[in-house]
$ cat model.txt   # compact mmCIF, C-alpha atoms
# COMPACT_ATOMS: atom_id res chain seq x y z
CA PRO A 1 117.02 100.36 66.06
CA HIS A 2 113.39 100.36 64.99
CA THR A 3 112.89 96.85 66.40
CA LEU A 4 114.42 97.87 69.75
CA PHE A 5 112.23 100.96 69.87
CA PHE A 6 109.15 98.84 69.17
CA LYS A 7 110.06 96.42 71.97
CA ILE A 8 110.53 99.26 74.46
CA ARG A 9 107.18 100.80 73.52
CA THR A 10 105.48 97.40 73.83
CA VAL A 11 106.89 96.80 77.33
CA TYR A 12 105.90 100.31 78.41
CA TYR A 13 102.36 99.71 77.14
CA LEU A 14 102.02 96.39 78.95
CA MET A 15 103.27 97.92 82.20
CA ASN A 16 100.43 100.41 82.11
CA THR A 17 97.57 98.07 81.18
CA CYS A 18 95.33 95.93 83.34
CA GLU A 19 96.92 92.75 81.95
CA TYR A 20 100.20 93.68 83.63
CA ASN A 21 98.52 94.87 86.82
CA ILE A 22 96.92 91.44 87.25
CA LEU A 23 100.40 90.18 88.15
CA LYS A 24 100.67 92.66 91.02
CA PHE A 25 99.37 90.38 93.75
CA TRP A 26 98.04 91.73 97.02
CA HIS A 27 100.11 90.69 99.99
CA GLY A 28 100.10 91.37 103.69
CA THR A 29 101.52 90.43 107.06
CA THR A 30 101.90 91.64 110.63
CA THR A 31 105.31 92.02 112.26
CA LEU A 32 106.25 94.01 115.35
CA ALA A 33 109.16 94.73 117.65
CA PHE A 34 109.78 96.93 120.67
CA ILE A 35 112.52 97.63 123.20
CA CYS A 36 111.81 97.28 126.91
CA ARG A 37 113.65 96.44 130.12
CA ALA A 38 113.57 92.73 129.27
CA GLY A 39 115.29 93.26 125.92
CA ILE A 40 114.00 93.52 122.36
CA ILE A 41 110.78 91.59 121.77
CA VAL A 42 110.03 90.51 118.19
CA SER A 43 106.78 88.85 117.16
CA VAL A 44 105.42 87.92 113.74
CA ASP A 45 102.65 85.92 112.12
CA SER A 46 103.31 83.18 109.54
CA ARG A 47 100.71 83.61 106.78
CA ALA A 48 101.78 84.26 103.19
CA SER A 49 99.12 85.48 100.78
CA MET A 50 99.06 85.72 97.01
CA GLY A 51 96.22 87.92 95.85
CA LYS A 52 93.03 86.79 97.57
CA TYR A 53 94.46 83.37 98.35
CA VAL A 54 96.50 82.00 101.26
CA SER A 55 99.61 80.48 99.73
CA SER A 56 101.14 79.25 103.01
CA SER A 57 100.47 79.34 106.75
CA SER A 58 103.96 78.36 107.90
CA VAL A 59 106.30 81.02 106.53
CA LYS A 60 109.30 81.86 108.71
CA LYS A 61 109.12 85.65 108.83
CA VAL A 62 112.00 86.09 111.24
CA ILE A 63 115.23 85.67 109.28
CA GLU A 64 118.15 84.62 111.48
CA ILE A 65 121.04 86.59 109.95
CA ASN A 66 123.67 85.52 112.48
CA SER A 67 123.98 84.74 116.19
CA TYR A 68 123.27 88.30 117.35
CA LEU A 69 121.31 89.79 114.45
CA ILE A 70 117.85 89.00 113.04
CA GLY A 71 115.57 90.56 110.47
CA THR A 72 111.84 90.42 109.79
CA MET A 73 109.96 89.85 106.57
CA ALA A 74 107.18 92.12 105.28
CA GLY A 75 106.43 92.66 101.61
CA GLY A 76 107.78 90.24 99.02
CA ALA A 77 109.09 87.08 100.66
CA ALA A 78 111.78 86.52 98.03
CA ASP A 79 113.02 90.12 98.24
CA CYS A 80 113.32 90.10 102.03
CA PHE A 81 114.92 86.67 102.18
CA PHE A 82 117.46 87.38 99.44
CA TRP A 83 118.65 90.75 100.72
CA GLU A 84 118.76 89.76 104.39
CA ARG A 85 120.71 86.59 103.61
CA ASN A 86 123.02 88.75 101.50
CA LEU A 87 123.41 91.05 104.51
CA GLY A 88 124.47 88.03 106.57
CA SER A 89 127.27 87.31 104.09
CA PHE A 90 128.48 90.91 104.27
CA CYS A 91 128.44 90.83 108.08
CA ASN A 92 130.50 87.63 108.13
CA LEU A 93 133.05 89.09 105.69
CA TYR A 94 133.25 92.29 107.76
CA GLU A 95 133.93 90.28 110.93
CA VAL A 96 136.69 88.25 109.24
CA LYS A 97 138.33 91.34 107.75
CA ASN A 98 138.12 93.64 110.80
CA ASN A 99 138.24 91.07 113.61
CA HIS A 100 135.11 92.44 115.27
CA LYS A 101 131.38 92.32 114.63
CA VAL A 102 129.58 94.96 112.60
CA SER A 103 127.31 97.22 114.65
CA ILE A 104 123.54 97.03 114.28
CA SER A 105 123.57 100.55 112.88
CA GLY A 106 126.24 99.52 110.37
CA ALA A 107 124.29 96.43 109.33
CA SER A 108 121.17 98.49 108.71
CA LYS A 109 123.20 100.94 106.61
CA ILE A 110 124.64 98.09 104.55
CA ILE A 111 121.25 96.70 103.57
CA THR A 112 119.90 100.21 102.98
CA ASN A 113 122.74 100.97 100.57
CA MET A 114 122.24 97.63 98.82
CA VAL A 115 118.55 98.17 98.06
CA TYR A 116 118.71 101.94 97.47
CA LYS A 117 120.02 101.62 93.92
CA TYR A 118 117.09 99.29 93.12
CA ARG A 119 114.39 101.66 94.38
CA ASN A 120 111.38 102.11 92.08
CA SER A 121 112.32 98.88 90.31
CA GLY A 122 109.65 96.61 91.81
CA LEU A 123 111.22 95.51 95.10
CA SER A 124 108.80 95.16 98.00
CA MET A 125 110.42 95.25 101.44
CA GLY A 126 109.44 96.62 104.82
CA THR A 127 111.91 94.91 107.10
CA MET A 128 113.32 95.41 110.58
CA ILE A 129 116.99 94.86 111.43
CA ILE A 130 117.28 93.92 115.09
CA GLY A 131 120.21 93.08 117.31
CA TRP A 132 122.46 93.97 120.24
CA ASP A 133 126.00 95.35 120.10
CA GLN A 134 128.46 97.35 122.19
CA ASN A 135 126.11 100.34 121.97
CA GLY A 136 123.16 98.41 123.37
CA PRO A 137 119.91 97.37 121.69
CA GLY A 138 119.38 98.33 118.06
CA LEU A 139 116.05 98.37 116.21
CA TYR A 140 115.95 99.78 112.67
CA TYR A 141 113.27 99.92 110.00
CA VAL A 142 114.48 99.60 106.40
CA ASP A 143 112.32 99.53 103.26
CA SER A 144 112.80 99.01 99.53
CA GLN A 145 112.83 102.76 98.84
CA GLY A 146 116.02 103.15 100.86
CA ASN A 147 114.37 104.63 103.96
CA ARG A 148 116.08 103.85 107.27
CA LEU A 149 114.73 104.75 110.71
CA ARG A 150 115.89 103.98 114.23
CA VAL A 151 112.87 103.28 116.43
CA LYS A 152 111.98 101.94 119.87
CA SER A 153 108.65 100.39 118.89
CA ILE A 154 107.28 99.53 115.46
CA SER A 155 104.78 97.37 113.62
CA VAL A 156 104.95 96.71 109.87
CA GLY A 157 102.44 95.14 107.50
CA SER A 158 98.78 95.17 106.57
CA GLY A 159 97.74 94.36 110.15
CA SER A 160 100.04 96.93 111.77
CA ALA A 161 97.25 99.40 112.54
CA PHE A 162 95.47 96.79 114.67
CA ALA A 163 98.74 95.74 116.36
CA TYR A 164 99.50 99.37 117.23
CA GLY A 165 96.13 99.62 118.99
CA ILE A 166 97.19 96.89 121.42
CA LEU A 167 100.80 98.04 121.78
CA ASP A 168 99.94 101.66 122.48
CA SER A 169 97.42 100.70 125.16
CA ALA A 170 99.73 98.47 127.22
CA TYR A 171 103.36 99.20 126.37
CA LYS A 172 105.67 100.51 129.08
CA TRP A 173 109.41 100.39 129.53
CA ASP A 174 109.62 98.23 132.66
CA LEU A 175 107.88 95.13 131.26
CA ASN A 176 109.41 91.83 132.33
CA ILE A 177 109.93 88.99 129.84
CA GLU A 178 106.57 87.29 130.46
CA GLU A 179 104.60 90.53 130.25
CA ALA A 180 106.45 91.74 127.14
CA CYS A 181 106.03 88.45 125.26
CA GLU A 182 102.37 88.25 126.18
CA LEU A 183 101.80 91.81 124.94
CA ALA A 184 103.49 90.99 121.63
CA ARG A 185 101.48 87.80 121.17
CA ARG A 186 98.22 89.56 121.98
CA ALA A 187 98.97 92.33 119.48
CA ILE A 188 99.71 89.84 116.69
CA PHE A 189 96.61 87.80 117.53
CA HIS A 190 94.25 90.78 117.35
CA ALA A 191 95.88 91.93 114.12
CA ALA A 192 95.46 88.46 112.61
CA PHE A 193 91.86 88.31 113.82
CA LYS A 194 90.98 91.54 112.00
CA ASP A 195 93.34 91.40 109.02
CA PRO A 196 92.61 88.63 106.45
CA PHE A 197 96.20 88.72 105.17
CA SER A 198 97.66 87.79 108.60
CA GLY A 199 97.38 84.48 110.42
CA GLY A 200 98.96 81.08 110.93
CA THR A 201 101.13 81.00 114.03
CA ILE A 202 102.63 83.66 116.30
CA ASN A 203 106.43 83.35 116.49
CA THR A 204 108.04 85.36 119.27
CA TYR A 205 111.75 86.09 119.76
CA LEU A 206 113.79 87.78 122.47
CA VAL A 207 117.02 89.63 121.66
CA ARG A 208 119.47 90.43 124.46
CA GLU A 209 123.17 91.08 124.87
CA GLU A 210 123.94 87.35 124.65
CA GLY A 211 122.11 87.05 121.32
CA TRP A 212 118.62 86.09 120.21
CA ILE A 213 116.46 83.17 121.31
CA LYS A 214 113.09 81.93 120.13
CA ILE A 215 110.56 82.13 122.96
CA SER A 216 107.44 80.51 121.54
CA SER A 217 105.39 79.50 118.52
CA ASP A 218 101.64 79.69 119.17
CA ASP A 219 98.85 78.69 116.82
CA ILE A 220 96.25 81.34 116.01
CA GLY A 221 93.21 79.13 116.52
CA LYS A 222 90.53 78.16 118.99
CA GLU A 223 92.88 78.14 121.99
CA ALA A 224 94.10 81.66 121.24
CA TYR A 225 90.54 82.84 120.62
CA SER A 226 89.34 81.46 123.96
CA LYS A 227 92.38 82.95 125.69
CA TYR A 228 91.91 86.50 124.42
CA PHE A 229 88.15 86.77 123.89
CA GLU A 230 86.31 84.35 126.15
CA LYS A 231 87.46 85.56 129.54
$ encode --input "model.txt" --output "structure tokens"
Amino acid sequence: PHTLFFKIRTVYYLMNTCEYNILKFWHGTTTLAFICRAGIIVSVDSRASMGKYVSSSSVKKVIEINSYLIGTMAGGAADCFFWERNLGSFCNLYEVKNNHKVSISGASKIITNMVYKYRNSGLSMGTMIIGWDQNGPGLYYVDSQGNRLRVKSISVGSGSAFAYGILDSAYKWDLNIEEACELARRAIFHAAFKDPFSGGTINTYLVREEGWIKISSDDIGKEAYSKYFEK
């Protein structure tokens, strides 16, 4: 008993010292989604950071859960990928058992319930669950604390404040596909330009009643800079 008590005290001490805090890497991203007449537009960057360093510039931050449901990645890459892939398994089992697809609302509740019991345990997730069902478009925000919100427009990540500045200035309901995708790309570009934790490429998706499709993958480089700044 004394040995166990000593181990618990040692772990508690390490968790509250700077040596432990060194392992808490900074991380950031920029993801966004909004609903308009064209459908649901989803756009993300592709940079993964670990502390002050760029660990990758080609991370796939849109997780394709199934043919009509996708999720986004913000926070810890492993946490988002594991739980959203797990959600895909639950959705497939639900469809086999009940002979119909789970609703987008139901899918968001499933992942919320899964991560809720692990809240305050070190998970880092700020994800969006996006899809289309018999009730129409569905866009939900879910985080690692078990919060769940239904929204019409949202941006998540360290560059979200900059993305909101672009979205709020040009968003309107009756955007067509070209206008909506261009707005999403421009918001991600300006966020990546101002936020050091965002960058890489801009991956844009469209979700409609028939399912999701990938629209484009654009490099955040000289061509994008000349397109948005040197007019």
$ atom_distance --input "model.txt" --atom1 "CA of Gly136 in chain A" --atom2 "CA of Asp79 in chain A"
28.3 Å
$ residues_around --input "model.txt" --residues "range 116-123 of chain A" --least-positions-apart "2" --cutoff "6 Å" --atoms "only C-alpha atoms" --output "list in words"
Thr112, Asn113, Met114, Ser144, Gln145 and Gly146 of chain A
$ residues_around --input "model.txt" --residues "range 32-36 of chain A" --least-positions-apart "6" --cutoff "7 Å" --atoms "all atoms listed in the file" --output "count of residues only"
11
$ closest_residue --input "model.txt" --among "A:Pro196, A:Tyr53, A:Leu206, A:Thr29" --to "Asn176 in chain A" --atoms "only C-alpha atoms"
A:Leu206
$ atom_distance --input "model.txt" --atom1 "CA of Lys97 in chain A" --atom2 "CA of Arg208 in chain A"
25.2 Å
$ residues_around --input "model.txt" --residues "Asn135 in chain A" --least-positions-apart "3" --cutoff "10 Å" --atoms "all atoms listed in the file" --output "VMD selection string"
chain A and resid 103 to 105 132 138
$ build_atoms --input "model.txt" --residues "range 84-95 of chain A" --atoms "N, CA and C atoms" --output "mmCIF file, keeping the file's coordinate frame"
data_model
loop_
_atom_site.group_PDB
_atom_site.id
_atom_site.type_symbol
_atom_site.label_atom_id
_atom_site.label_comp_id
_atom_site.auth_asym_id
_atom_site.auth_seq_id
_atom_site.Cartn_x
_atom_site.Cartn_y
_atom_site.Cartn_z
ATOM 1 N N GLU A 84 118.331 89.952 103.006
ATOM 2 C CA GLU A 84 118.760 89.760 104.390
ATOM 3 C C GLU A 84 119.792 88.631 104.492
ATOM 4 N N ARG A 85 119.665 87.612 103.656
ATOM 5 C CA ARG A 85 120.710 86.590 103.610
ATOM 6 C C ARG A 85 122.001 87.184 103.039
ATOM 7 N N ASN A 86 121.859 88.064 102.067
ATOM 8 C CA ASN A 86 123.020 88.750 101.500
ATOM 9 C C ASN A 86 123.686 89.618 102.569
ATOM 10 N N LEU A 87 122.874 90.265 103.405
ATOM 11 C CA LEU A 87 123.410 91.050 104.510
ATOM 12 C C LEU A 87 124.212 90.168 105.459
ATOM 13 N N GLY A 88 123.733 88.950 105.711
ATOM 14 C CA GLY A 88 124.470 88.030 106.570
ATOM 15 C C GLY A 88 125.855 87.721 106.030
ATOM 16 N N SER A 89 125.963 87.561 104.712
ATOM 17 C CA SER A 89 127.270 87.310 104.090
ATOM 18 C C SER A 89 128.203 88.498 104.279
ATOM 19 N N PHE A 90 127.666 89.712 104.079
ATOM 20 C CA PHE A 90 128.480 90.910 104.270
ATOM 21 C C PHE A 90 128.939 91.044 105.712
ATOM 22 N N CYS A 91 128.068 90.727 106.665
ATOM 23 C CA CYS A 91 128.440 90.830 108.080
ATOM 24 C C CYS A 91 129.545 89.834 108.428
ATOM 25 N N ASN A 92 129.462 88.629 107.883
ATOM 26 C CA ASN A 92 130.500 87.630 108.130
ATOM 27 C C ASN A 92 131.841 88.065 107.536
ATOM 28 N N LEU A 93 131.822 88.615 106.321
ATOM 29 C CA LEU A 93 133.050 89.090 105.690
ATOM 30 C C LEU A 93 133.650 90.257 106.469
ATOM 31 N N TYR A 94 132.780 91.144 106.970
ATOM 32 C CA TYR A 94 133.250 92.290 107.760
ATOM 33 C C TYR A 94 133.942 91.792 109.031
ATOM 34 N N GLU A 95 133.364 90.786 109.683
ATOM 35 C CA GLU A 95 133.930 90.280 110.930
ATOM 36 C C GLU A 95 135.297 89.623 110.687
#
